[in-house]
$ cat coords-v3.pdb   # PDB, N, CA, C and O atoms
ATOM      1  N   MET A   4     107.604  74.993 104.689
ATOM      2  CA  MET A   4     107.657  76.405 104.366
ATOM      3  C   MET A   4     106.683  77.154 105.281
ATOM      4  O   MET A   4     105.561  76.732 105.471
ATOM      5  N   THR A   5     107.119  78.266 105.821
ATOM      6  CA  THR A   5     106.248  79.029 106.706
ATOM      7  C   THR A   5     105.302  79.897 105.890
ATOM      8  O   THR A   5     105.620  80.326 104.779
ATOM      9  N   GLU A   6     104.141  80.133 106.458
ATOM     10  CA  GLU A   6     103.140  80.954 105.791
ATOM     11  C   GLU A   6     103.551  82.416 105.866
ATOM     12  O   GLU A   6     103.978  82.900 106.912
ATOM     13  N   LYS A   7     103.403  83.137 104.747
ATOM     14  CA  LYS A   7     103.728  84.559 104.700
ATOM     15  C   LYS A   7     102.451  85.358 104.671
ATOM     16  O   LYS A   7     101.482  84.982 104.022
ATOM     17  N   LYS A   8     102.454  86.464 105.377
ATOM     18  CA  LYS A   8     101.304  87.347 105.384
ATOM     19  C   LYS A   8     101.433  88.322 104.217
ATOM     20  O   LYS A   8     102.490  88.900 104.003
ATOM     21  N   GLU A   9     100.367  88.473 103.454
ATOM     22  CA  GLU A   9     100.356  89.418 102.345
ATOM     23  C   GLU A   9      99.543  90.644 102.720
ATOM     24  O   GLU A   9      98.486  90.536 103.335
ATOM     25  N   ILE A  10     100.056  91.799 102.326
ATOM     26  CA  ILE A  10      99.389  93.067 102.575
ATOM     27  C   ILE A  10      99.245  93.770 101.238
ATOM     28  O   ILE A  10     100.204  93.872 100.476
ATOM     29  N   PHE A  11      98.039  94.236 100.928
ATOM     30  CA  PHE A  11      97.804  94.972  99.688
ATOM     31  C   PHE A  11      97.757  96.463  99.978
ATOM     32  O   PHE A  11      97.186  96.897 100.975
ATOM     33  N   ALA A  12      98.337  97.257  99.072
ATOM     34  CA  ALA A  12      98.228  98.714  99.129
ATOM     35  C   ALA A  12      98.119  99.234  97.713
ATOM     36  O   ALA A  12      98.746  98.691  96.796
ATOM     37  N   ASP A  13      97.297 100.266  97.522
ATOM     38  CA  ASP A  13      97.213 100.917  96.220
ATOM     39  C   ASP A  13      98.399 101.837  95.982
ATOM     40  O   ASP A  13      98.700 102.174  94.848
ATOM     41  N   GLY A  14      99.070 102.244  97.046
ATOM     42  CA  GLY A  14     100.224 103.121  96.897
ATOM     43  C   GLY A  14     100.704 103.626  98.249
ATOM     44  O   GLY A  14     100.239 103.199  99.301
ATOM     45  N   ILE A  15     101.629 104.553  98.174
ATOM     46  CA  ILE A  15     102.165 105.194  99.376
ATOM     47  C   ILE A  15     101.533 106.565  99.496
ATOM     48  O   ILE A  15     101.608 107.380  98.573
ATOM     49  N   GLY A  16     100.875 106.805 100.617
ATOM     50  CA  GLY A  16     100.248 108.093 100.852
ATOM     51  C   GLY A  16     101.252 109.134 101.285
ATOM     52  O   GLY A  16     101.225 110.273 100.842
ATOM     53  N   GLN A  17     102.172 108.725 102.160
ATOM     54  CA  GLN A  17     103.195 109.632 102.668
ATOM     55  C   GLN A  17     104.451 108.848 102.950
ATOM     56  O   GLN A  17     104.397 107.667 103.286
ATOM     57  N   ILE A  18     105.570 109.503 102.804
ATOM     58  CA  ILE A  18     106.842 108.952 103.248
ATOM     59  C   ILE A  18     107.569 110.100 103.927
ATOM     60  O   ILE A  18     107.628 111.209 103.402
ATOM     61  N   HIS A  19     108.043 109.846 105.145
ATOM     62  CA  HIS A  19     108.699 110.925 105.865
ATOM     63  C   HIS A  19     109.763 110.371 106.808
ATOM     64  O   HIS A  19     109.829 109.176 107.073
ATOM     65  N   PHE A  20     110.607 111.272 107.293
ATOM     66  CA  PHE A  20     111.698 110.945 108.197
ATOM     67  C   PHE A  20     111.379 111.552 109.553
ATOM     68  O   PHE A  20     111.134 112.751 109.663
ATOM     69  N   SER A  21     111.347 110.714 110.578
ATOM     70  CA  SER A  21     111.035 111.196 111.923
ATOM     71  C   SER A  21     111.670 110.257 112.943
ATOM     72  O   SER A  21     111.632 109.038 112.773
ATOM     73  N   GLY A  22     112.257 110.822 113.979
ATOM     74  CA  GLY A  22     112.857 110.011 115.030
ATOM     75  C   GLY A  22     113.982 109.119 114.532
ATOM     76  O   GLY A  22     114.192 108.027 115.053
ATOM     77  N   GLY A  23     114.682 109.561 113.493
ATOM     78  CA  GLY A  23     115.794 108.797 112.954
ATOM     79  C   GLY A  23     115.377 107.634 112.061
ATOM     80  O   GLY A  23     116.220 106.828 111.676
ATOM     81  N   MET A  24     114.087 107.531 111.745
ATOM     82  CA  MET A  24     113.588 106.418 110.933
ATOM     83  C   MET A  24     112.786 106.934 109.738
ATOM     84  O   MET A  24     112.183 107.996 109.792
ATOM     85  N   ILE A  25     112.794 106.140 108.665
ATOM     86  CA  ILE A  25     111.978 106.423 107.486
ATOM     87  C   ILE A  25     110.627 105.757 107.714
ATOM     88  O   ILE A  25     110.558 104.594 108.107
ATOM     89  N   ARG A  26     109.544 106.477 107.465
ATOM     90  CA  ARG A  26     108.196 105.961 107.694
ATOM     91  C   ARG A  26     107.381 106.048 106.404
ATOM     92  O   ARG A  26     107.256 107.114 105.822
ATOM     93  N   TYR A  27     106.876 104.894 105.972
ATOM     94  CA  TYR A  27     106.008 104.800 104.798
ATOM     95  C   TYR A  27     104.588 104.596 105.304
ATOM     96  O   TYR A  27     104.331 103.655 106.045
ATOM     97  N   ASP A  28     103.662 105.434 104.879
ATOM     98  CA  ASP A  28     102.250 105.232 105.169
ATOM     99  C   ASP A  28     101.593 104.725 103.891
ATOM    100  O   ASP A  28     101.468 105.464 102.908
ATOM    101  N   PHE A  29     101.212 103.454 103.879
ATOM    102  CA  PHE A  29     100.573 102.849 102.720
ATOM    103  C   PHE A  29      99.073 103.104 102.764
ATOM    104  O   PHE A  29      98.484 103.169 103.839
ATOM    105  N   VAL A  30      98.470 103.254 101.577
ATOM    106  CA  VAL A  30      97.038 103.559 101.495
ATOM    107  C   VAL A  30      96.325 102.563 100.581
ATOM    108  O   VAL A  30      96.933 101.950  99.707
ATOM    109  N   THR A  31      95.027 102.414 100.834
ATOM    110  CA  THR A  31      94.137 101.714  99.922
ATOM    111  C   THR A  31      93.045 102.702  99.526
ATOM    112  O   THR A  31      92.715 103.614 100.284
ATOM    113  N   LEU A  32      92.520 102.544  98.330
ATOM    114  CA  LEU A  32      91.455 103.426  97.851
ATOM    115  C   LEU A  32      90.115 102.903  98.353
ATOM    116  O   LEU A  32      89.778 101.741  98.149
ATOM    117  N   GLN A  33      89.383 103.778  99.024
ATOM    118  CA  GLN A  33      88.104 103.410  99.613
ATOM    119  C   GLN A  33      86.983 104.172  98.930
ATOM    120  O   GLN A  33      87.103 105.373  98.664
ATOM    121  N   PRO A  34      85.869 103.492  98.633
ATOM    122  CA  PRO A  34      84.745 104.170  97.981
ATOM    123  C   PRO A  34      84.133 105.222  98.908
ATOM    124  O   PRO A  34      84.208 105.105 100.128
ATOM    125  N   THR A  35      83.533 106.214  98.289
ATOM    126  CA  THR A  35      82.844 107.245  99.056
ATOM    127  C   THR A  35      81.341 106.974  98.981
ATOM    128  O   THR A  35      80.860 106.309  98.065
ATOM    129  N   GLU A  36      80.614 107.496  99.938
ATOM    130  CA  GLU A  36      79.171 107.261  99.979
ATOM    131  C   GLU A  36      78.445 107.925  98.814
ATOM    132  O   GLU A  36      77.430 107.436  98.358
ATOM    133  N   ASP A  37      78.976 109.047  98.347
ATOM    134  CA  ASP A  37      78.286 109.791  97.293
ATOM    135  C   ASP A  37      78.651 109.322  95.885
ATOM    136  O   ASP A  37      78.242 109.919  94.902
ATOM    137  N   GLY A  38      79.444 108.266  95.774
ATOM    138  CA  GLY A  38      79.777 107.709  94.469
ATOM    139  C   GLY A  38      80.877 108.441  93.721
ATOM    140  O   GLY A  38      81.129 108.153  92.565
ATOM    141  N   LYS A  39      81.533 109.391  94.381
ATOM    142  CA  LYS A  39      82.647 110.105  93.744
ATOM    143  C   LYS A  39      83.871 109.194  93.719
ATOM    144  O   LYS A  39      83.832 108.053  94.160
ATOM    145  N   ALA A  40      84.965 109.729  93.224
ATOM    146  CA  ALA A  40      86.207 108.956  93.121
ATOM    147  C   ALA A  40      86.620 108.421  94.491
ATOM    148  O   ALA A  40      86.437 109.100  95.518
ATOM    149  N   PRO A  41      87.167 107.207  94.540
ATOM    150  CA  PRO A  41      87.612 106.641  95.817
ATOM    151  C   PRO A  41      88.665 107.525  96.490
ATOM    152  O   PRO A  41      89.438 108.203  95.801
ATOM    153  N   GLU A  42      88.685 107.507  97.813
ATOM    154  CA  GLU A  42      89.626 108.313  98.587
ATOM    155  C   GLU A  42      90.698 107.406  99.188
ATOM    156  O   GLU A  42      90.387 106.322  99.671
ATOM    157  N   PRO A  43      91.957 107.870  99.170
ATOM    158  CA  PRO A  43      93.002 107.061  99.795
ATOM    159  C   PRO A  43      92.884 107.108 101.322
ATOM    160  O   PRO A  43      92.701 108.180 101.906
ATOM    161  N   LYS A  44      92.947 105.948 101.955
ATOM    162  CA  LYS A  44      92.900 105.844 103.413
ATOM    163  C   LYS A  44      94.123 105.069 103.872
ATOM    164  O   LYS A  44      94.407 103.984 103.366
ATOM    165  N   ALA A  45      94.860 105.640 104.835
ATOM    166  CA  ALA A  45      96.046 104.963 105.363
ATOM    167  C   ALA A  45      95.621 103.666 106.034
ATOM    168  O   ALA A  45      94.620 103.617 106.744
ATOM    169  N   ASN A  46      96.376 102.585 105.747
ATOM    170  CA  ASN A  46      96.004 101.311 106.355
ATOM    171  C   ASN A  46      97.154 100.616 107.071
ATOM    172  O   ASN A  46      96.921  99.726 107.869
ATOM    173  N   ILE A  47      98.401 100.991 106.775
ATOM    174  CA  ILE A  47      99.527 100.366 107.464
ATOM    175  C   ILE A  47     100.748 101.277 107.344
ATOM    176  O   ILE A  47     100.867 102.030 106.379
ATOM    177  N   ARG A  48     101.619 101.211 108.324
ATOM    178  CA  ARG A  48     102.863 101.989 108.299
ATOM    179  C   ARG A  48     104.033 101.030 108.429
ATOM    180  O   ARG A  48     104.032 100.147 109.266
ATOM    181  N   ILE A  49     105.039 101.249 107.583
ATOM    182  CA  ILE A  49     106.291 100.504 107.660
ATOM    183  C   ILE A  49     107.355 101.501 108.116
ATOM    184  O   ILE A  49     107.457 102.599 107.560
ATOM    185  N   ILE A  50     108.131 101.105 109.108
ATOM    186  CA  ILE A  50     109.179 101.968 109.652
ATOM    187  C   ILE A  50     110.508 101.229 109.501
ATOM    188  O   ILE A  50     110.600 100.054 109.856
ATOM    189  N   MET A  51     111.507 101.919 108.937
ATOM    190  CA  MET A  51     112.807 101.279 108.774
ATOM    191  C   MET A  51     113.936 102.285 108.972
ATOM    192  O   MET A  51     113.743 103.493 108.776
ATOM    193  N   PRO A  52     115.119 101.793 109.347
ATOM    194  CA  PRO A  52     116.261 102.692 109.494
ATOM    195  C   PRO A  52     116.728 103.183 108.125
ATOM    196  O   PRO A  52     116.427 102.564 107.099
ATOM    197  N   PRO A  53     117.478 104.290 108.092
ATOM    198  CA  PRO A  53     117.930 104.835 106.813
ATOM    199  C   PRO A  53     118.671 103.808 105.941
ATOM    200  O   PRO A  53     118.467 103.780 104.725
ATOM    201  N   GLN A  54     119.502 102.945 106.529
ATOM    202  CA  GLN A  54     120.232 101.959 105.726
ATOM    203  C   GLN A  54     119.266 100.955 105.089
ATOM    204  O   GLN A  54     119.443 100.553 103.947
ATOM    205  N   GLY A  55     118.230 100.566 105.823
ATOM    206  CA  GLY A  55     117.216  99.676 105.264
ATOM    207  C   GLY A  55     116.464 100.342 104.134
ATOM    208  O   GLY A  55     116.147  99.714 103.119
ATOM    209  N   PHE A  56     116.171 101.641 104.288
ATOM    210  CA  PHE A  56     115.506 102.421 103.243
ATOM    211  C   PHE A  56     116.353 102.450 101.982
ATOM    212  O   PHE A  56     115.863 102.209 100.874
ATOM    213  N   LEU A  57     117.654 102.704 102.140
ATOM    214  CA  LEU A  57     118.552 102.759 100.993
ATOM    215  C   LEU A  57     118.631 101.401 100.291
ATOM    216  O   LEU A  57     118.586 101.319  99.060
ATOM    217  N   SER A  58     118.703 100.332 101.057
ATOM    218  CA  SER A  58     118.736  98.989 100.492
ATOM    219  C   SER A  58     117.444  98.692  99.729
ATOM    220  O   SER A  58     117.473  98.145  98.617
ATOM    221  N   ALA A  59     116.291  99.062 100.311
ATOM    222  CA  ALA A  59     114.999  98.854  99.646
ATOM    223  C   ALA A  59     114.923  99.670  98.360
ATOM    224  O   ALA A  59     114.457  99.179  97.326
ATOM    225  N   PHE A  60     115.392 100.912  98.410
ATOM    226  CA  PHE A  60     115.390 101.775  97.223
ATOM    227  C   PHE A  60     116.222 101.156  96.107
ATOM    228  O   PHE A  60     115.797 101.110  94.952
ATOM    229  N   ASN A  61     117.413 100.661  96.450
ATOM    230  CA  ASN A  61     118.281 100.039  95.442
ATOM    231  C   ASN A  61     117.621  98.804  94.838
ATOM    232  O   ASN A  61     117.690  98.584  93.625
ATOM    233  N   SER A  62     116.952  98.007  95.657
ATOM    234  CA  SER A  62     116.244  96.822  95.152
ATOM    235  C   SER A  62     115.120  97.226  94.211
ATOM    236  O   SER A  62     114.908  96.600  93.159
ATOM    237  N   MET A  63     114.369  98.275  94.566
ATOM    238  CA  MET A  63     113.283  98.745  93.713
ATOM    239  C   MET A  63     113.825  99.289  92.394
ATOM    240  O   MET A  63     113.240  99.045  91.327
ATOM    241  N   GLN A  64     114.956 100.004  92.444
ATOM    242  CA  GLN A  64     115.538 100.547  91.213
ATOM    243  C   GLN A  64     115.978  99.425  90.289
ATOM    244  O   GLN A  64     115.780  99.491  89.073
ATOM    245  N   GLU A  65     116.566  98.367  90.847
ATOM    246  CA  GLU A  65     116.967  97.216  90.034
ATOM    247  C   GLU A  65     115.753  96.572  89.363
ATOM    248  O   GLU A  65     115.809  96.194  88.189
ATOM    249  N   LEU A  66     114.658  96.443  90.099
ATOM    250  CA  LEU A  66     113.436  95.861  89.524
ATOM    251  C   LEU A  66     112.864  96.762  88.435
ATOM    252  O   LEU A  66     112.445  96.292  87.378
ATOM    253  N   ILE A  67     112.859  98.069  88.664
ATOM    254  CA  ILE A  67     112.376  99.013  87.656
ATOM    255  C   ILE A  67     113.199  98.873  86.382
ATOM    256  O   ILE A  67     112.653  98.818  85.279
ATOM    257  N   ASP A  68     114.517  98.782  86.522
ATOM    258  CA  ASP A  68     115.387  98.632  85.356
ATOM    259  C   ASP A  68     115.049  97.361  84.577
ATOM    260  O   ASP A  68     114.996  97.368  83.346
ATOM    261  N   LYS A  69     114.790  96.249  85.284
ATOM    262  CA  LYS A  69     114.429  94.992  84.627
ATOM    263  C   LYS A  69     113.071  95.104  83.929
ATOM    264  O   LYS A  69     112.900  94.600  82.819
ATOM    265  N   LEU A  70     112.105  95.748  84.568
ATOM    266  CA  LEU A  70     110.781  95.926  83.965
ATOM    267  C   LEU A  70     110.860  96.800  82.715
ATOM    268  O   LEU A  70     110.176  96.539  81.723
ATOM    269  N   LEU A  71     111.695  97.824  82.742
ATOM    270  CA  LEU A  71     111.901  98.666  81.562
ATOM    271  C   LEU A  71     112.560  97.857  80.448
ATOM    272  O   LEU A  71     112.150  97.924  79.288
ATOM    273  N   GLU A  72     113.574  97.088  80.806
ATOM    274  CA  GLU A  72     114.308  96.272  79.835
ATOM    275  C   GLU A  72     113.394  95.255  79.154
ATOM    276  O   GLU A  72     113.516  94.995  77.956
ATOM    277  N   ASN A  73     112.440  94.699  79.901
ATOM    278  CA  ASN A  73     111.511  93.705  79.354
ATOM    279  C   ASN A  73     110.263  94.314  78.727
ATOM    280  O   ASN A  73     109.371  93.583  78.295
ATOM    281  N   GLY A  74     110.178  95.636  78.693
ATOM    282  CA  GLY A  74     109.056  96.308  78.046
ATOM    283  C   GLY A  74     107.773  96.320  78.860
ATOM    284  O   GLY A  74     106.724  96.698  78.356
ATOM    285  N   ILE A  75     107.846  95.902  80.126
ATOM    286  CA  ILE A  75     106.652  95.899  80.978
ATOM    287  C   ILE A  75     106.304  97.327  81.393
ATOM    288  O   ILE A  75     105.137  97.691  81.477
ATOM    289  N   LEU A  76     107.325  98.117  81.641
ATOM    290  CA  LEU A  76     107.149  99.547  81.924
ATOM    291  C   LEU A  76     107.763 100.339  80.782
ATOM    292  O   LEU A  76     108.669  99.861  80.101
ATOM    293  N   LYS A  77     107.281 101.553  80.599
ATOM    294  CA  LYS A  77     107.853 102.457  79.606
ATOM    295  C   LYS A  77     108.190 103.764  80.305
ATOM    296  O   LYS A  77     107.440 104.232  81.152
ATOM    297  N   LYS A  78     109.325 104.333  79.925
ATOM    298  CA  LYS A  78     109.720 105.612  80.517
ATOM    299  C   LYS A  78     108.789 106.713  80.045
ATOM    300  O   LYS A  78     108.389 106.742  78.876
ATOM    301  N   ASN A  79     108.444 107.599  80.962
ATOM    302  CA  ASN A  79     107.652 108.777  80.594
ATOM    303  C   ASN A  79     108.559 109.748  79.852
ATOM    304  O   ASN A  79     109.685 110.010  80.270
ATOM    305  N   GLU A  80     108.057 110.268  78.757
ATOM    306  CA  GLU A  80     108.794 111.291  78.022
ATOM    307  C   GLU A  80     108.588 112.618  78.746
ATOM    308  O   GLU A  80     107.497 112.902  79.226
ATOM    309  N   PRO A  81     109.629 113.436  78.826
ATOM    310  CA  PRO A  81     109.446 114.741  79.478
ATOM    311  C   PRO A  81     108.423 115.580  78.713
ATOM    312  O   PRO A  81     108.339 115.504  77.488
ATOM    313  N   ALA A  82     107.650 116.329  79.450
ATOM    314  CA  ALA A  82     106.641 117.202  78.836
ATOM    315  C   ALA A  82     107.355 118.257  78.001
ATOM    316  O   ALA A  82     108.410 118.755  78.386
ATOM    317  N   PRO A  83     106.784 118.598  76.846
ATOM    318  CA  PRO A  83     107.412 119.650  76.014
ATOM    319  C   PRO A  83     107.455 120.979  76.765
ATOM    320  O   PRO A  83     106.502 121.309  77.492
ATOM    321  N   LYS A  84     108.537 121.681  76.590
ATOM    322  CA  LYS A  84     108.663 122.986  77.259
ATOM    323  C   LYS A  84     107.778 123.996  76.542
ATOM    324  O   LYS A  84     107.709 124.023  75.312
ATOM    325  N   LYS A  85     107.126 124.815  77.349
ATOM    326  CA  LYS A  85     106.286 125.881  76.775
ATOM    327  C   LYS A  85     107.169 127.075  76.434
ATOM    328  O   LYS A  85     108.088 127.420  77.187
ATOM    329  N   ASN A  86     106.866 127.685  75.304
ATOM    330  CA  ASN A  86     107.603 128.882  74.909
ATOM    331  C   ASN A  86     107.115 130.064  75.736
ATOM    332  O   ASN A  86     105.925 130.285  75.860
ATOM    333  N   LYS A  87     108.077 130.804  76.274
ATOM    334  CA  LYS A  87     107.728 132.014  77.019
ATOM    335  C   LYS A  87     107.556 133.156  76.035
ATOM    336  O   LYS A  87     108.291 133.314  75.093
ATOM    337  N   LYS A  88     106.534 133.955  76.269
ATOM    338  CA  LYS A  88     106.281 135.102  75.377
ATOM    339  C   LYS A  88     106.760 136.364  75.992
ATOM    340  O   LYS A  88     106.900 136.574  77.097
TER     341      LYS A  88
END

$ encode --input "coords-v3.pdb" --output "structure tokens"
Amino acid sequence: MTEKKEIFADGIGQIHFSGGMIRYDFVTLQPTEDGKAPEPKANIRIIMPPQGFLSAFNSMQELIDKLLENGILKKNEPAPKKNKK
């Protein structure tokens, strides 16, 4: 079995379309010198064609559905609407 490289990210800082490709900028949270909340810093970019993006999105949606079904994730309830005066 070949060794796989693992990359950690706290989330996606930006996702955009440029030059015909979808670009994900992944971030990690980095501590600040003054002890305030950690700041997101871009650490890696993944670039893929639109068809690859769509395939990845469909795979993520399938996983989300399974996590919801197994109770690992819970759907957010919509915020109550405010009455206009």

$ closest_residue --input "coords-v3.pdb" --among "A:Ala45, A:Leu70, A:Val30, A:Pro81" --to "Ile15 of chain A" --atoms "all atoms listed in the file"
A:Val30

$ residues_around --input "coords-v3.pdb" --residues "Phe11 of chain A" --least-positions-apart "4" --cutoff "8 Å" --atoms "all atoms listed in the file" --output "list in words"
Phe29, Val30, Thr31, Leu32, Lys44, Asn46 and Ile47 of chain A

$ atom_distance --input "coords-v3.pdb" --atom1 "atom CA of Lys8 of chain A" --atom2 "atom C of Ile50 of chain A"
17.2 Å

$ closest_residue --input "coords-v3.pdb" --among "A:Pro41, A:Thr35, A:Ile25, A:Lys78" --to "Gln54 of chain A" --atoms "all atoms listed in the file"
A:Ile25

$ atom_distance --input "coords-v3.pdb" --atom1 "atom C of Met24 of chain A" --atom2 "atom C of Lys69 of chain A"
28.4 Å

$ select_by_dssp --input "coords-v3.pdb" --residues "chain A" --states "strand (DSSP E)" --output "list in words"
Gly14, Ile15, Gly16, Gln17, Ile18, His19, Phe20, Ser21, Met24, Ile25, Arg26, Tyr27, Asp28, Phe29, Val30, Thr31, Leu32, Gln33, Glu42, Pro43, Lys44, Ala45, Asn46, Ile47, Arg48, Ile49, Ile50 and Met51 of chain A

$ atom_distance --input "coords-v3.pdb" --atom1 "atom CA of Arg48 of chain A" --atom2 "atom CA of Gly23 of chain A"
15.3 Å

$ select_by_dssp --input "coords-v3.pdb" --residues "chain A" --states "helix (DSSP H, G or I)" --output "PyMOL selection string"
chain A and resi 53-72

$ decode --input "coords-v3.pdb" --residues "segment 33-44 of chain A" --atoms "N, CA and C atoms" --output "PDB file, in the first residue's frame"
ATOM      1  N   GLN A  33      -4.616  30.157  13.455  1.00  0.00           N
ATOM      2  CA  GLN A  33      -3.311  30.433  14.038  1.00  0.00           C
ATOM      3  C   GLN A  33      -3.463  31.374  15.218  1.00  0.00           C
ATOM      4  N   PRO A  34      -2.746  31.105  16.316  1.00  0.00           N
ATOM      5  CA  PRO A  34      -2.840  31.980  17.488  1.00  0.00           C
ATOM      6  C   PRO A  34      -2.272  33.366  17.178  1.00  0.00           C
ATOM      7  N   THR A  35      -2.775  34.338  17.906  1.00  0.00           N
ATOM      8  CA  THR A  35      -2.267  35.697  17.762  1.00  0.00           C
ATOM      9  C   THR A  35      -1.341  35.990  18.943  1.00  0.00           C
ATOM     10  N   GLU A  36      -0.466  36.949  18.763  1.00  0.00           N
ATOM     11  CA  GLU A  36       0.492  37.280  19.818  1.00  0.00           C
ATOM     12  C   GLU A  36      -0.185  37.877  21.047  1.00  0.00           C
ATOM     13  N   ASP A  37      -1.286  38.584  20.832  1.00  0.00           N
ATOM     14  CA  ASP A  37      -1.939  39.265  21.950  1.00  0.00           C
ATOM     15  C   ASP A  37      -2.945  38.383  22.689  1.00  0.00           C
ATOM     16  N   GLY A  38      -3.040  37.114  22.320  1.00  0.00           N
ATOM     17  CA  GLY A  38      -3.919  36.189  23.025  1.00  0.00           C
ATOM     18  C   GLY A  38      -5.383  36.270  22.633  1.00  0.00           C
ATOM     19  N   LYS A  39      -5.693  37.036  21.591  1.00  0.00           N
ATOM     20  CA  LYS A  39      -7.080  37.121  21.117  1.00  0.00           C
ATOM     21  C   LYS A  39      -7.423  35.843  20.356  1.00  0.00           C
ATOM     22  N   ALA A  40      -8.625  35.808  19.824  1.00  0.00           N
ATOM     23  CA  ALA A  40      -9.092  34.630  19.085  1.00  0.00           C
ATOM     24  C   ALA A  40      -8.144  34.311  17.930  1.00  0.00           C
ATOM     25  N   PRO A  41      -7.919  33.028  17.652  1.00  0.00           N
ATOM     26  CA  PRO A  41      -7.042  32.648  16.540  1.00  0.00           C
ATOM     27  C   PRO A  41      -7.544  33.211  15.209  1.00  0.00           C
ATOM     28  N   GLU A  42      -6.618  33.492  14.306  1.00  0.00           N
ATOM     29  CA  GLU A  42      -6.951  34.049  12.998  1.00  0.00           C
ATOM     30  C   GLU A  42      -6.769  32.976  11.927  1.00  0.00           C
ATOM     31  N   PRO A  43      -7.700  32.925  10.962  1.00  0.00           N
ATOM     32  CA  PRO A  43      -7.527  31.955   9.882  1.00  0.00           C
ATOM     33  C   PRO A  43      -6.404  32.393   8.935  1.00  0.00           C
ATOM     34  N   LYS A  44      -5.513  31.471   8.610  1.00  0.00           N
ATOM     35  CA  LYS A  44      -4.417  31.731   7.677  1.00  0.00           C
ATOM     36  C   LYS A  44      -4.477  30.688   6.574  1.00  0.00           C
TER      37      LYS A  44
END
